[in-house]
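> Take this structure first; my questions come after.
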Amino acid sequence: MSIGSLYSVGRSTPGPARPLPHARPAVPLGLRLLAAALCGLFALALTAAVFVRTYPGQWLDGVLLPRAERGGGYEQQTVLVGPAKTVLATFGSPTLIAALLGVVLLVGVLGRRLVAAVVGVGLVVSAVLVAGAVKSALPRPDLQIQSSTTHNSFPSGHVAAATALLLAFMLVLPGWARRWLAVPGAAGVSVIAAATMIAGWHRFSDVLGGVLLGVTLFCLAAAALAAWPGDRAAVGGADGGSLWRRLAEAGLGLVVVVWALVVVMPGLAASVQRGLLVAIVAAAASTMFLVGAVVFLVRSTDFAVPLTARSPEPPPSSEARKIS
């Protein structure tokens, strides 16, 4: 008698079959971008409602950026007023804006992302037009707050255009190149935001509204591209390690901005009021976070969409394979 006849080797006791765990279906990128756009729109409306329409909001804007004692404007008494006006005049040049938009188109053509490039140019134009429309349509009530004014400047058109221009490049660049532009680009947007407050053109809420407007329009544009037929959009879940790495990069970029403001420029901390310095740091942190969040959202998406949708070719039949 063999051992195999007495013992069942390698066999387990039969039992009820256990169902395999179901993998949670990935949410399409277009839906995630639409959800992000709705969140950005809600944050933009909330910022406008709190800072423009309420007493505490107007008061906080006044604390962060008080009106000047002489002249009644918001231009700050600091040595940085001259450089701030130079930055705004340079960035506000129509020639420079047209040249940067031309670079967006050129990068899009070279990378076979012409559709994304056209959408990026429309993103910048829409940011400027929407910012101007909101300024005209949104009244700023007089709540009898000291050092406040009824002049409405929400949101900042310069900051909205700068944010939209940076994110337009995110549409035409490949995924690996976006991370190299995201941090210095967000730092550049932060410099423009700080310049608008130093020169007295905008309050902190205006700057925050400009960044939110640019991010919201970008999410809508990216959602439209993700839904374009033939788009190669990834729907994988978020990588935790990658997320923490992006947050670390954004934090490092914020530290560099603060270091440049406080250390590189001698006497900056002593030449500006504490409220303005807090507003500059808060604006830079908000810009870094929002830009980093949307860039991380589209981190694995390539917006190289074709001009026309191509129908997939049917696989060859068995007879064709035999003939070949």
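Identifiers for the structure tokens are assigned positionally: chains receive A, B, ... in sequence, residues are indexed from 1 per chain, and ligands are indexed from 1 in the order shown.
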List every residue of range 134-200 of chain A that DSSP, applied to the backbone of this structure, places in helix (DSSP H, G or I), and write the result as number ranges by chain.

A: 134-137, 157-172, 175-198

> What separation in Å, quoted to one decimal, exists between CA of Asp206 in chain A and CA of Thr287 in chain A?

12.7 Å

> Using only C-alpha atoms, what does the table of range 138-239 of chain A residues within 6 Å of range 28-43 of chain A look like, with each row giving the shortest atom pair and its distance in Å to one decimal, sorted by chain and ascending number, as CSV?


```
residue,atom,partner,partner_atom,distance
A:Leu212,CA,A:Gly40,CA,6.0
A:Thr216,CA,A:Ala37,CA,4.7
A:Cys219,CA,A:Ala37,CA,5.2
A:Ala223,CA,A:Gly30,CA,4.5
A:Ala226,CA,A:Gly30,CA,5.5
A:Val235,CA,A:Pro28,CA,5.5
```

> Identify, on the basis of only C-alpha atoms, every residue whose closest approach to Gly120 in chain A does not exceed 10 Å; exclude the query and any residue fewer than 6 positions from it along the same chain; express the result as a list in words.

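Listed by chain and then number, they are Leu101, Val104, Leu105, Gly108, Leu114, Ser126, Ala164, Leu165, Leu166, Leu167, Ala168, Phe169, Met170, Leu171, Val172, Phe218, Ala221 and Ala222 of chain A.
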
> Excluding Leu143 in chain A and residues on its chain fewer than 2 positions from it, collect all residues at most 8 Å away from it, counting only C-alpha atoms, and give them as a PyMOL selection string.

chain A and resi 54-55+141+145

> List as a ChimeraX atom specification the protein and nucleic acid residues near Ala162 in chain A, meaning an atom at most 9 Å away when only C-alpha atoms are counted, but skip any in the same chain fewer than 2 places from it.

/A:91,124,157-160,164-167,188-189,192-193,210-211,214

> Those same residues, written as a short mmCIF file (atom, residue, chain, number, x, y, z; two decimals), in the first residue's frame with N, CA and C atoms?


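The file below, part03.cif, is the result:
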```
data_model
loop_
_atom_site.label_atom_id
_atom_site.label_comp_id
_atom_site.auth_asym_id
_atom_site.auth_seq_id
_atom_site.Cartn_x
_atom_site.Cartn_y
_atom_site.Cartn_z
N PHE A 91 5.06 92.99 -16.47
CA PHE A 91 4.14 91.88 -16.73
C PHE A 91 2.88 92.36 -17.44
N VAL A 124 -6.09 81.91 -20.60
CA VAL A 124 -5.55 83.20 -20.16
C VAL A 124 -6.50 84.34 -20.51
N GLY A 157 -6.88 91.07 -11.64
CA GLY A 157 -6.70 90.62 -13.01
C GLY A 157 -5.27 90.21 -13.29
N HIS A 158 -4.28 90.93 -12.71
CA HIS A 158 -2.88 90.57 -12.91
C HIS A 158 -2.59 89.18 -12.35
N VAL A 159 -3.08 88.91 -11.14
CA VAL A 159 -2.80 87.61 -10.52
C VAL A 159 -3.55 86.49 -11.25
N ALA A 160 -4.79 86.77 -11.66
CA ALA A 160 -5.54 85.76 -12.40
C ALA A 160 -4.85 85.43 -13.72
N ALA A 164 -3.24 81.83 -14.66
CA ALA A 164 -3.72 81.14 -15.86
C ALA A 164 -2.59 80.90 -16.85
N LEU A 165 -1.67 81.84 -16.96
CA LEU A 165 -0.55 81.67 -17.89
C LEU A 165 0.35 80.53 -17.44
N LEU A 166 0.63 80.45 -16.15
CA LEU A 166 1.44 79.35 -15.64
C LEU A 166 0.76 78.01 -15.90
N LEU A 167 -0.55 77.94 -15.63
CA LEU A 167 -1.27 76.68 -15.81
C LEU A 167 -1.48 76.36 -17.28
N GLY A 188 6.90 82.85 -9.13
CA GLY A 188 6.72 84.05 -9.94
C GLY A 188 5.34 84.67 -9.77
N VAL A 189 4.32 83.82 -9.71
CA VAL A 189 2.97 84.33 -9.46
C VAL A 189 2.90 85.00 -8.09
N ILE A 192 4.31 88.50 -8.32
CA ILE A 192 3.34 89.42 -8.92
C ILE A 192 2.23 89.76 -7.92
N ALA A 193 1.78 88.75 -7.17
CA ALA A 193 0.75 89.00 -6.15
C ALA A 193 1.26 89.97 -5.09
N GLY A 210 -7.86 86.11 -7.37
CA GLY A 210 -7.24 85.93 -8.66
C GLY A 210 -6.65 84.53 -8.84
N VAL A 211 -6.01 84.02 -7.79
CA VAL A 211 -5.45 82.66 -7.88
C VAL A 211 -6.57 81.64 -8.00
N GLY A 214 -8.02 81.66 -11.58
CA GLY A 214 -7.16 80.98 -12.53
C GLY A 214 -7.18 79.47 -12.38
#
```
